[in-house]
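Undergrad: Questions regarding the structure given below will be posed in turn.
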Number of protein chains: 2
Amino acid sequence: MGKKAKTAITPTREENYPEWYQQVIKAADMAETSPVRGCMVIKPWGYGLWENIQRELDAMFKATGHRNAYFPLFIPLSYLQKEADHVEGFATECAVVTHHRLKKNEDGQLVPEGELEEPLVVRPTSETIIGEMFSKWVQSYRDLPLLINQWANVVRWEMRTRLFLRTAEFLWQEGHTVHATQECAVDETMRMLDVYADFAENYMAMPVIKGEKTEAERFPGAAQTFSIEAMMQDKKALQSGTSHFLGQNFAKASDIQFLDENGERVHAWTTSWGVSTRLIGGLIMTHADDDGLVLPPRLAPTHVVILPVTHNADNPDEIDVFCEKIATALRQVQYNGRPVEVEIDRRDMRGGEKTWSWIKKGVPIRLEIGPRDMADDSVFVGRRDKGPREKYGQKQADFIESVADVLEEMQQGLLERARAFREANTITIDTTDEFTTFVQGDADGFAWAPYNGSPDDEKRLQKETGVTVRCIPLGQDAISSTCVLSGKPATQRAIFAKSY
Amino acid sequence: MGKKAKTAITPTREENYPEWYQQVIKAADMAETSPVRGCMVIKPWGYGLWENIQRELDAMFKATGHRNAYFPLFIPLSYLQKEADHVEGFATECAVVTHHRLKKNEDGQLVPEGELEEPLVVRPTSETIIGEMFSKWVQSYRDLPLLINQWANVVRWEMRTRLFLRTAEFLWQEGHTVHATQECAVDETMRMLDVYADFAENYMAMPVIKGEKTEAERFPGAAQTFSIEAMMQDKKALQSGTSHFLGQNFAKASDIQFLDENGERVHAWTTSWGVSTRLIGGLIMTHADDDGLVLPPRLAPTHVVILPVTHNADNPDEIDVFCEKIATALRQVQYNGRPVEVEIDRRDMRGGEKTWSWIKKGVPIRLEIGPRDMADDSVFVGRRDKGPREKYGQKQADFIESVADVLEEMQQGLLERARAFREANTITIDTTDEFTTFVQGDADGFAWAPYNGSPDDEKRLQKETGVTVRCIPLGQDAISSTCVLSGKPATQRAIFAKSY
């Protein structure tokens, strides 16, 4: 056996996947835990990625007719209680504001004072407070559809947290819409599910399966919940976005009624849908490798980093001018509708260390430029989708001419690789025996198996095996089979997997 | 006397300024109060303005080397206490989280449960929690300067609230930076004050005076506070942005130390600076008139609204095609570095009502297009900086060719008008007698008067007259005079005014 290749991240995915994940985030300087229980700090490199995610998604929301607004952080207890299932779902993990000032006690310690008449919950989601406002805004069928989105922070007091994947406070967007008919609301629910799938695949390079959640996994208060599910490199599923058809549940709870075209006062139909900073966790676990983060070019805060190699140069200033010229030329190039983002790293540190810092940050392309490259009017190119030592020289004009194509090739390559990985780790199951073999083995990957079960069946499965029903994929062919959980006749398959 | 002109907003500014302000916001559909005490809902038209403010400011912050990050919403009590003045300043208006879940009591009512060991304060500002993180991030002089900005919501439990101007929850940005030397930190403080002044004047068309706050008005914990102050149409001052030199106060409180170039461990110097959704209140009170909102073109979510006039048309579809063609051509035009934003309003409502809805929303340019305009290849133009009935016909090609220039002319016109208004309502005062006349009269507008007073002098003045020292303007010529408050020798003037 050859010597083990040295990797930038210790441990490797193989050695300890959860710890590898934490180390990738640390090595890329994306985020860290804070002293506030369960709350993370998103550092500039992680936040830059979130800004790009926001920019692209926001454009997609606006292109589908939505507008942004902002609603209160706090929800009065009485509002949360308006929808019975909803409050059940969130009551056990709410940050509760009970006082509105501080005073010094006899020991000189600050203590809460000014008790509120009604406690306020820090929003875990905003259906109830937004519903209250919508009930005033919606009066006539002419006011519909009402298509609103909010970018905000929310708080769910999770006991076990993990950077990006599950934190007490997280950043997200929540769409909330009101429609005149069930059909319009269902259309909206599916439209936004499609937007999420489009974004995941075409920007994050993360292939997803669109499907409906079972009753057990439905959003508290929803009539139907749909999700996009992605496979991480440890073969577990990550629910990456959800779109809810809320029926008339919240319209009734918040009294959203309108005069229809016949002059009758009727309840509206609503939807809600959201994605969060969890997407960043999904992006890391889809693409990062044992050398650190790998960024899909369409979302990378920096596309090309230029590393001047001046330590042996007679003419460091000339190299700097040459680098600046290349940076300027690159910034004239459009990639994905925007200028190529270039950074010149002039930090005073060892070349190897500097190069590795950008590998760990996942920047798509590194250019090393020293005296010989300059003399040859060339650049020395390293691509993040190739091995760290697999570099090549290229005339600078050729590099600039091809950079947008190379970035797009990398983008597509990441998507194809992730899709191939998912396909290689997906099995189709037809019988209960096969299913038993799956769940009693590693239960790695996705199993498509006949499903017609109940919440109790699913609870038992999860307890015994750690496997859950991720979704019932949309657009599948009808089958005539037997549910692997309940033994009842099944006409469709669900995806079974372990999950985050 | 002639008949009183009818205005879109009732009451007028003259009749009842505070109520006029509320009615402008309502008529433009920008925001409204929510059922959550002191918290507002920012509706799409108001939020679109905030998005544009964010976009421009964010670009300015990035151009000056800052990067965005995100820190926890909650601050442990013990952190807030680290800086004595700081906690004093915010303790009386903090939302306090004391529990982390809800349970049903015997009456079936939800009550807070799971008391926290240490209460958490919803951030009123983030110096202490960010300082805690910075103390880990800053180790060496090579880590400096550290230039971070955060876009976030904050909560200050204000007792008397007013939409945009003072709300319990508001949206803002807070810059937080760390520097190796006092000089660098002071430079940063002034640089960001300049950025704010540049933004206020060149985007909001709101002229401001840059100055230093007196000790009485300093940010709790700051060594020096600087602000930009604008004059509203009721001649009161609005503090529109602040930039704080924090000295080593917070560096000591949070233990932000670093190894300097000599290998010595020393405390760093920090700054913080912020503007908020209050800017929107300032924009309204600077430009809106008795017909509603007036938007500076550089921040308008929509530059041109096209109103097809089809009620008497034989060929409504043709008019629609004509309007669409003009919209497409307008979107090819660049204004202020971005495409002109155009909306076609096809709502089914009376023409007059529709036109007035856009006047009240403050859209810079309205185009009415009916059969005769189309036959003449023309548009009928209404400008928001002219009277509502002062419209003119123009060949559509000429309109498109000149639209960017017209928008910019309007932008400059708004700034000039606001500056002229401020100048007309500013007096220079040299003696205590003159000052007494000012404060015992209406005390309208800005009075530049010799100042060398104490917090007690200012408190007395405010109590007796409602007038406060807004700032000591930067860059003024030295004087040799006597302070109008204390009678002590004064070498500089302060601005005295009533304020928001």
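We name chains A, B, ... following the order of the structure tokens; residues begin at 1 in each chain, and ligands are numbered from 1 as shown.
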When the cut-off is 7 Å and we count only C-alpha atoms, which residues of chain B are near chain A, given as a ChimeraX atom specification?
TA: /B:36,39-44,47,67-72,74,76,91-103,112,157
Undergrad: For C-alpha atoms, I'd like the residues from the last selection saved as a short mmCIF file (atom, residue, chain, number, x, y, z; two decimals), in the first residue's frame.
TA:
data_model
loop_
_atom_site.label_atom_id
_atom_site.label_comp_id
_atom_site.auth_asym_id
_atom_site.auth_seq_id
_atom_site.Cartn_x
_atom_site.Cartn_y
_atom_site.Cartn_z
CA VAL B 36 -47.50 43.82 18.66
CA CYS B 39 -43.64 46.99 16.26
CA MET B 40 -44.47 48.05 12.72
CA VAL B 41 -45.18 46.09 9.57
CA ILE B 42 -43.21 47.39 6.61
CA LYS B 43 -45.37 46.89 3.53
CA PRO B 44 -43.94 46.20 0.06
CA TYR B 47 -39.73 47.72 2.06
CA ARG B 67 -17.62 42.69 4.82
CA ASN B 68 -20.93 41.50 6.17
CA ALA B 69 -21.37 38.91 8.90
CA TYR B 70 -24.13 37.85 11.26
CA PHE B 71 -24.15 37.62 15.06
CA PRO B 72 -26.71 36.27 17.55
CA PHE B 74 -29.66 37.31 21.91
CA PRO B 76 -26.57 37.20 27.73
CA ALA B 91 -31.31 48.65 30.58
CA THR B 92 -34.60 50.52 30.69
CA GLU B 93 -35.76 49.43 27.25
CA CYS B 94 -34.77 45.78 26.76
CA ALA B 95 -36.93 42.86 25.66
CA VAL B 96 -35.89 40.02 27.98
CA VAL B 97 -36.18 36.32 27.12
CA THR B 98 -36.58 34.29 30.29
CA HIS B 99 -38.04 30.95 29.13
CA HIS B 100 -37.49 28.57 26.25
CA ARG B 101 -40.75 26.73 25.86
CA LEU B 102 -44.49 26.85 26.50
CA LYS B 103 -46.79 24.46 28.28
CA PRO B 112 -43.88 30.11 29.67
CA TRP B 157 -38.65 48.94 24.09
#
Undergrad: Report as a VMD selection string: the residues of stretch 118-291 of chain B with a DSSP assignment of strand (DSSP E or B), based on the backbone of this structure.
TA: chain B and resid 118 to 122 140 146 to 155 162 166 169 to 179 209 to 212 224 to 231 237 to 245 257 to 259 265 to 267 269 to 276 289
Undergrad: Keeping only C-alpha atoms, take the residues you just selected and write them out as a PDB file, in the first residue's frame.
TA:
ATOM      1  CA  GLU B 118     -29.296  33.442  32.589  1.00  0.00           C
ATOM      2  CA  PRO B 119     -31.868  35.700  30.942  1.00  0.00           C
ATOM      3  CA  LEU B 120     -31.138  36.833  27.393  1.00  0.00           C
ATOM      4  CA  VAL B 121     -31.694  40.324  26.073  1.00  0.00           C
ATOM      5  CA  VAL B 122     -32.904  40.798  22.513  1.00  0.00           C
ATOM      6  CA  SER B 140      -2.050  39.980  16.053  1.00  0.00           C
ATOM      7  CA  LEU B 146     -11.111  44.138  11.183  1.00  0.00           C
ATOM      8  CA  LEU B 147     -13.969  45.752   9.254  1.00  0.00           C
ATOM      9  CA  ILE B 148     -17.364  44.109   9.757  1.00  0.00           C
ATOM     10  CA  ASN B 149     -20.948  45.152   9.092  1.00  0.00           C
ATOM     11  CA  GLN B 150     -24.203  43.482  10.055  1.00  0.00           C
ATOM     12  CA  TRP B 151     -27.700  44.001   8.608  1.00  0.00           C
ATOM     13  CA  ALA B 152     -30.127  43.062  11.352  1.00  0.00           C
ATOM     14  CA  ASN B 153     -33.207  43.748  13.412  1.00  0.00           C
ATOM     15  CA  VAL B 154     -32.826  45.268  16.872  1.00  0.00           C
ATOM     16  CA  VAL B 155     -35.277  45.936  19.694  1.00  0.00           C
ATOM     17  CA  ARG B 162     -44.015  56.445  15.548  1.00  0.00           C
ATOM     18  CA  ARG B 166     -39.157  55.301  16.575  1.00  0.00           C
ATOM     19  CA  GLU B 169     -38.232  46.734  16.634  1.00  0.00           C
ATOM     20  CA  PHE B 170     -36.418  48.309  13.729  1.00  0.00           C
ATOM     21  CA  LEU B 171     -34.129  47.249  10.908  1.00  0.00           C
ATOM     22  CA  TRP B 172     -30.653  48.655  10.640  1.00  0.00           C
ATOM     23  CA  GLN B 173     -27.044  48.051   9.844  1.00  0.00           C
ATOM     24  CA  GLU B 174     -24.367  48.218  12.472  1.00  0.00           C
ATOM     25  CA  GLY B 175     -20.720  48.473  11.505  1.00  0.00           C
ATOM     26  CA  HIS B 176     -18.161  47.241  14.031  1.00  0.00           C
ATOM     27  CA  THR B 177     -14.448  47.677  13.451  1.00  0.00           C
ATOM     28  CA  VAL B 178     -11.212  47.047  15.312  1.00  0.00           C
ATOM     29  CA  HIS B 179      -7.980  48.983  14.786  1.00  0.00           C
ATOM     30  CA  ILE B 209     -24.741  68.571   8.786  1.00  0.00           C
ATOM     31  CA  LYS B 210     -21.904  66.440  10.092  1.00  0.00           C
ATOM     32  CA  GLY B 211     -20.954  67.132  13.667  1.00  0.00           C
ATOM     33  CA  GLU B 212     -19.953  65.806  17.037  1.00  0.00           C
ATOM     34  CA  GLN B 224     -16.973  60.341  20.897  1.00  0.00           C
ATOM     35  CA  THR B 225     -20.187  60.210  18.911  1.00  0.00           C
ATOM     36  CA  PHE B 226     -20.664  61.909  15.548  1.00  0.00           C
ATOM     37  CA  SER B 227     -23.916  62.271  13.681  1.00  0.00           C
ATOM     38  CA  ILE B 228     -25.525  63.559  10.560  1.00  0.00           C
ATOM     39  CA  GLU B 229     -28.427  65.920  11.262  1.00  0.00           C
ATOM     40  CA  ALA B 230     -31.096  66.860   8.755  1.00  0.00           C
ATOM     41  CA  MET B 231     -33.866  69.453   8.889  1.00  0.00           C
ATOM     42  CA  ALA B 237     -33.877  68.159  13.373  1.00  0.00           C
ATOM     43  CA  LEU B 238     -33.667  64.452  12.655  1.00  0.00           C
ATOM     44  CA  GLN B 239     -30.536  62.588  13.736  1.00  0.00           C
ATOM     45  CA  SER B 240     -30.178  60.318  10.726  1.00  0.00           C
ATOM     46  CA  GLY B 241     -27.037  58.303  11.348  1.00  0.00           C
ATOM     47  CA  THR B 242     -24.306  58.015  13.965  1.00  0.00           C
ATOM     48  CA  SER B 243     -20.650  57.000  13.947  1.00  0.00           C
ATOM     49  CA  HIS B 244     -18.956  56.260  17.251  1.00  0.00           C
ATOM     50  CA  PHE B 245     -15.308  56.316  18.208  1.00  0.00           C
ATOM     51  CA  GLN B 257      -6.085  42.554  22.731  1.00  0.00           C
ATOM     52  CA  PHE B 258      -3.425  41.855  20.141  1.00  0.00           C
ATOM     53  CA  LEU B 259       0.319  41.440  19.770  1.00  0.00           C
ATOM     54  CA  ARG B 265       0.072  42.637  24.000  1.00  0.00           C
ATOM     55  CA  VAL B 266      -2.082  45.790  23.868  1.00  0.00           C
ATOM     56  CA  HIS B 267      -5.749  46.699  23.764  1.00  0.00           C
ATOM     57  CA  TRP B 269      -9.372  50.581  19.434  1.00  0.00           C
ATOM     58  CA  THR B 270     -12.891  50.107  18.137  1.00  0.00           C
ATOM     59  CA  THR B 271     -15.666  51.949  16.326  1.00  0.00           C
ATOM     60  CA  SER B 272     -19.321  51.337  15.582  1.00  0.00           C
ATOM     61  CA  TRP B 273     -21.763  53.112  13.278  1.00  0.00           C
ATOM     62  CA  GLY B 274     -25.318  52.654  12.172  1.00  0.00           C
ATOM     63  CA  VAL B 275     -28.295  53.837  10.208  1.00  0.00           C
ATOM     64  CA  SER B 276     -31.782  52.386  10.367  1.00  0.00           C
ATOM     65  CA  ASP B 289     -45.896  67.213   0.169  1.00  0.00           C
TER      66      ASP B 289
END
Undergrad: Neighbouring residues of A:Ala404 were defined as those with any atom within 10 Å, considering only C-alpha atoms; residues of the same chain fewer than 2 positions away were excluded. Please report them as a PyMOL selection string.
TA: chain A and resi 297+303+330+333-336+339-340+399-402+406-410
Undergrad: Figure out the distance between atom CA of B:Lys498 and atom CA of B:Asp430, please, to one decimal in Å.
TA: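 The value is 19.0 Å.
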Undergrad: Find the residue from B:Glu14, B:Asp398, B:Glu324, B:Asp433 that sits nearest to B:Leu485; use only C-alpha atoms when measuring.
TA: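 Among the listed residues, the smallest separation from B:Leu485 belongs to B:Asp433.
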Undergrad: If you run DSSP over the backbone, which residues in stretch 202-400 of chain B end up alpha helix (DSSP H)? Put them as a PyMOL selection string.
TA: chain B and resi 202+249-253+278-287+316-331+351-361+371-375+396-400
Undergrad: Based on the selection just made, write N, CA and C atoms of those residues as a short mmCIF file (atom, residue, chain, number, x, y, z; two decimals), in the first residue's frame.
TA:
data_model
loop_
_atom_site.label_atom_id
_atom_site.label_comp_id
_atom_site.auth_asym_id
_atom_site.auth_seq_id
_atom_site.Cartn_x
_atom_site.Cartn_y
_atom_site.Cartn_z
N ASN B 202 -26.58 62.41 -1.64
CA ASN B 202 -26.56 62.02 -3.05
C ASN B 202 -27.56 60.94 -3.43
N ASN B 249 -12.77 51.58 25.29
CA ASN B 249 -13.77 51.19 26.29
C ASN B 249 -14.29 49.77 26.08
N PHE B 250 -14.72 49.50 24.84
CA PHE B 250 -15.28 48.18 24.59
C PHE B 250 -14.17 47.14 24.41
N ALA B 251 -13.02 47.56 23.90
CA ALA B 251 -11.89 46.63 23.78
C ALA B 251 -11.50 46.14 25.17
N LYS B 252 -11.56 47.02 26.15
CA LYS B 252 -11.23 46.61 27.52
C LYS B 252 -12.36 45.75 28.11
N ALA B 253 -13.59 46.18 27.86
CA ALA B 253 -14.73 45.41 28.40
C ALA B 253 -14.77 44.00 27.83
N ARG B 278 -35.22 54.36 10.24
CA ARG B 278 -35.52 55.76 10.52
C ARG B 278 -35.24 56.64 9.30
N LEU B 279 -34.27 56.26 8.49
CA LEU B 279 -33.96 57.04 7.28
C LEU B 279 -35.20 57.24 6.43
N ILE B 280 -36.07 56.23 6.42
CA ILE B 280 -37.28 56.33 5.59
C ILE B 280 -38.17 57.45 6.13
N GLY B 281 -38.25 57.54 7.45
CA GLY B 281 -38.99 58.66 8.04
C GLY B 281 -38.39 60.00 7.63
N GLY B 282 -37.06 60.06 7.61
CA GLY B 282 -36.38 61.29 7.22
C GLY B 282 -36.65 61.64 5.76
N LEU B 283 -36.65 60.62 4.92
CA LEU B 283 -36.92 60.84 3.51
C LEU B 283 -38.34 61.40 3.31
N ILE B 284 -39.28 60.80 4.00
CA ILE B 284 -40.66 61.27 3.89
C ILE B 284 -40.76 62.73 4.33
N MET B 285 -40.21 63.04 5.49
CA MET B 285 -40.37 64.38 6.06
C MET B 285 -39.52 65.43 5.36
N THR B 286 -38.57 64.97 4.53
CA THR B 286 -37.80 65.93 3.73
C THR B 286 -38.52 66.29 2.43
N HIS B 287 -39.14 65.29 1.80
CA HIS B 287 -39.62 65.51 0.43
C HIS B 287 -41.14 65.45 0.23
N PRO B 316 -58.12 48.75 -27.29
CA PRO B 316 -57.35 48.67 -26.05
C PRO B 316 -56.12 47.77 -26.16
N ASP B 317 -56.22 46.70 -26.93
CA ASP B 317 -55.07 45.80 -27.05
C ASP B 317 -53.89 46.49 -27.72
N GLU B 318 -54.20 47.30 -28.72
CA GLU B 318 -53.12 48.01 -29.41
C GLU B 318 -52.42 48.99 -28.47
N ILE B 319 -53.22 49.64 -27.63
CA ILE B 319 -52.62 50.56 -26.65
C ILE B 319 -51.71 49.78 -25.71
N ASP B 320 -52.17 48.62 -25.31
CA ASP B 320 -51.37 47.81 -24.42
C ASP B 320 -50.05 47.42 -25.07
N VAL B 321 -50.09 47.07 -26.32
CA VAL B 321 -48.86 46.71 -27.04
C VAL B 321 -47.93 47.92 -27.12
N PHE B 322 -48.52 49.10 -27.39
CA PHE B 322 -47.75 50.34 -27.47
C PHE B 322 -47.07 50.62 -26.12
N CYS B 323 -47.83 50.46 -25.04
CA CYS B 323 -47.28 50.69 -23.69
C CYS B 323 -46.14 49.71 -23.40
N GLU B 324 -46.36 48.47 -23.78
CA GLU B 324 -45.34 47.44 -23.52
C GLU B 324 -44.06 47.77 -24.29
N LYS B 325 -44.24 48.28 -25.50
CA LYS B 325 -43.08 48.64 -26.32
C LYS B 325 -42.27 49.76 -25.64
N ILE B 326 -43.00 50.74 -25.14
CA ILE B 326 -42.33 51.86 -24.46
C ILE B 326 -41.63 51.37 -23.19
N ALA B 327 -42.31 50.49 -22.44
CA ALA B 327 -41.71 49.95 -21.22
C ALA B 327 -40.40 49.24 -21.54
N THR B 328 -40.44 48.43 -22.59
CA THR B 328 -39.24 47.68 -22.97
C THR B 328 -38.10 48.63 -23.34
N ALA B 329 -38.44 49.66 -24.11
CA ALA B 329 -37.41 50.63 -24.51
C ALA B 329 -36.85 51.36 -23.28
N LEU B 330 -37.72 51.70 -22.33
CA LEU B 330 -37.26 52.41 -21.13
C LEU B 330 -36.32 51.54 -20.30
N ARG B 331 -36.62 50.24 -20.25
CA ARG B 331 -35.79 49.33 -19.44
C ARG B 331 -34.39 49.15 -20.03
N GLY B 351 -59.58 56.13 -13.94
CA GLY B 351 -58.30 56.73 -14.32
C GLY B 351 -57.78 57.71 -13.30
N GLY B 352 -58.66 58.60 -12.83
CA GLY B 352 -58.23 59.62 -11.88
C GLY B 352 -57.73 59.00 -10.59
N GLU B 353 -58.47 58.04 -10.10
CA GLU B 353 -58.10 57.36 -8.87
C GLU B 353 -56.74 56.68 -9.03
N LYS B 354 -56.57 56.08 -10.21
CA LYS B 354 -55.32 55.36 -10.48
C LYS B 354 -54.15 56.33 -10.51
N THR B 355 -54.31 57.43 -11.24
CA THR B 355 -53.25 58.43 -11.31
C THR B 355 -52.88 58.93 -9.92
N TRP B 356 -53.91 59.26 -9.14
CA TRP B 356 -53.64 59.77 -7.79
C TRP B 356 -52.95 58.75 -6.91
N SER B 357 -53.23 57.45 -7.12
CA SER B 357 -52.57 56.44 -6.28
C SER B 357 -51.05 56.48 -6.48
N TRP B 358 -50.63 56.81 -7.72
CA TRP B 358 -49.18 56.88 -7.99
C TRP B 358 -48.58 58.19 -7.54
N ILE B 359 -49.38 59.25 -7.59
CA ILE B 359 -48.90 60.52 -7.03
C ILE B 359 -48.64 60.33 -5.54
N LYS B 360 -49.58 59.70 -4.86
CA LYS B 360 -49.44 59.48 -3.41
C LYS B 360 -48.28 58.56 -3.07
N LYS B 361 -47.96 57.66 -4.00
CA LYS B 361 -46.81 56.77 -3.78
C LYS B 361 -45.48 57.43 -4.13
N PRO B 371 -55.59 56.56 -26.81
CA PRO B 371 -55.63 56.41 -28.28
C PRO B 371 -54.97 57.58 -29.01
N ARG B 372 -55.22 58.82 -28.53
CA ARG B 372 -54.66 59.97 -29.25
C ARG B 372 -53.15 60.03 -29.12
N ASP B 373 -52.64 59.69 -27.91
CA ASP B 373 -51.19 59.68 -27.71
C ASP B 373 -50.56 58.66 -28.66
N MET B 374 -51.20 57.49 -28.71
CA MET B 374 -50.64 56.43 -29.55
C MET B 374 -50.65 56.86 -31.02
N ALA B 375 -51.76 57.45 -31.45
CA ALA B 375 -51.86 57.90 -32.85
C ALA B 375 -50.75 58.90 -33.16
N GLN B 396 -42.68 59.95 -27.98
CA GLN B 396 -42.15 58.91 -27.09
C GLN B 396 -40.64 58.73 -27.25
N ALA B 397 -40.14 58.89 -28.47
CA ALA B 397 -38.69 58.75 -28.66
C ALA B 397 -37.93 59.82 -27.87
N ASP B 398 -38.48 61.04 -27.88
CA ASP B 398 -37.83 62.13 -27.14
C ASP B 398 -37.87 61.85 -25.64
N PHE B 399 -39.04 61.34 -25.20
CA PHE B 399 -39.15 61.04 -23.78
C PHE B 399 -38.11 60.00 -23.37
N ILE B 400 -38.01 58.93 -24.17
CA ILE B 400 -37.07 57.85 -23.82
C ILE B 400 -35.64 58.37 -23.83
#
Undergrad: Might you pull out every residue within 9 Å of A:Thr432, with only C-alpha atoms counted and same-chain residues fewer than 4 positions away left off, and present them as an NGL selection string?
TA: :A and (436-437 or 449-450 or 482-485 or 487)
Undergrad: Filtering to N, CA, C and O atoms, could you give me those residues as an mmCIF file, in the first residue's frame?
TA:
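As a result, selection_17.cif now contains:
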data_model
loop_
_atom_site.group_PDB
_atom_site.id
_atom_site.type_symbol
_atom_site.label_atom_id
_atom_site.label_comp_id
_atom_site.auth_asym_id
_atom_site.auth_seq_id
_atom_site.Cartn_x
_atom_site.Cartn_y
_atom_site.Cartn_z
ATOM 1 N N THR A 436 -36.406 -5.162 4.499
ATOM 2 C CA THR A 436 -35.823 -5.598 5.768
ATOM 3 C C THR A 436 -34.304 -5.673 5.643
ATOM 4 O O THR A 436 -33.571 -5.233 6.531
ATOM 5 N N THR A 437 -33.853 -6.205 4.533
ATOM 6 C CA THR A 437 -32.403 -6.270 4.300
ATOM 7 C C THR A 437 -31.798 -4.869 4.310
ATOM 8 O O THR A 437 -30.758 -4.624 4.911
ATOM 9 N N ALA A 449 -39.380 2.568 -2.082
ATOM 10 C CA ALA A 449 -40.124 1.355 -1.748
ATOM 11 C C ALA A 449 -41.614 1.650 -1.653
ATOM 12 O O ALA A 449 -42.005 2.766 -1.295
ATOM 13 N N PRO A 450 -42.441 0.650 -1.940
ATOM 14 C CA PRO A 450 -43.900 0.845 -1.926
ATOM 15 C C PRO A 450 -44.355 1.329 -0.550
ATOM 16 O O PRO A 450 -43.920 0.793 0.477
ATOM 17 N N THR A 482 -47.273 -3.703 -2.446
ATOM 18 C CA THR A 482 -47.656 -3.803 -1.043
ATOM 19 C C THR A 482 -46.730 -2.920 -0.210
ATOM 20 O O THR A 482 -45.507 -2.967 -0.369
ATOM 21 N N CYS A 483 -47.307 -2.115 0.664
ATOM 22 C CA CYS A 483 -46.512 -1.201 1.498
ATOM 23 C C CYS A 483 -45.536 -1.992 2.363
ATOM 24 O O CYS A 483 -45.938 -2.947 3.040
ATOM 25 N N VAL A 484 -44.279 -1.583 2.364
ATOM 26 C CA VAL A 484 -43.261 -2.298 3.128
ATOM 27 C C VAL A 484 -43.395 -2.063 4.631
ATOM 28 O O VAL A 484 -42.778 -2.762 5.425
ATOM 29 N N LEU A 485 -44.197 -1.100 5.013
ATOM 30 C CA LEU A 485 -44.394 -0.841 6.444
ATOM 31 C C LEU A 485 -45.669 -1.490 6.970
ATOM 32 O O LEU A 485 -45.664 -2.149 7.999
ATOM 33 N N GLY A 487 -48.030 -3.373 5.053
ATOM 34 C CA GLY A 487 -48.568 -4.543 4.368
ATOM 35 C C GLY A 487 -49.843 -4.263 3.586
ATOM 36 O O GLY A 487 -50.423 -5.156 2.977
#
Undergrad: To one decimal in Å, tell me the separation between atom CA of A:Asn315 and atom CA of A:Gly370.
TA: 9.8 Å
Undergrad: Have a look at atom CA of B:Gln332 and atom CA of B:Met206 and let me know their distance in Å, one decimal.
TA: 28.6 Å
Undergrad: For B:Arg493, which residue out of B:Thr12, B:Gln462, B:Asn452, B:Gln394 is the nearest one, using only C-alpha atoms?
TA: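 Between B:Thr12, B:Gln462, B:Asn452, B:Gln394, the residue approaching B:Arg493 most closely is B:Asn452.
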Undergrad: I want to know what sits within 8 Å of A:Pro207, based on only C-alpha atoms, with residues of the same chain fewer than 4 positions away left out; could you give that as a list in words?
TA: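 My list of contacting residues is Ala197, Ala200, Glu201, Ala230, Met231, Leu415, Ala418 and Arg419 of chain A.
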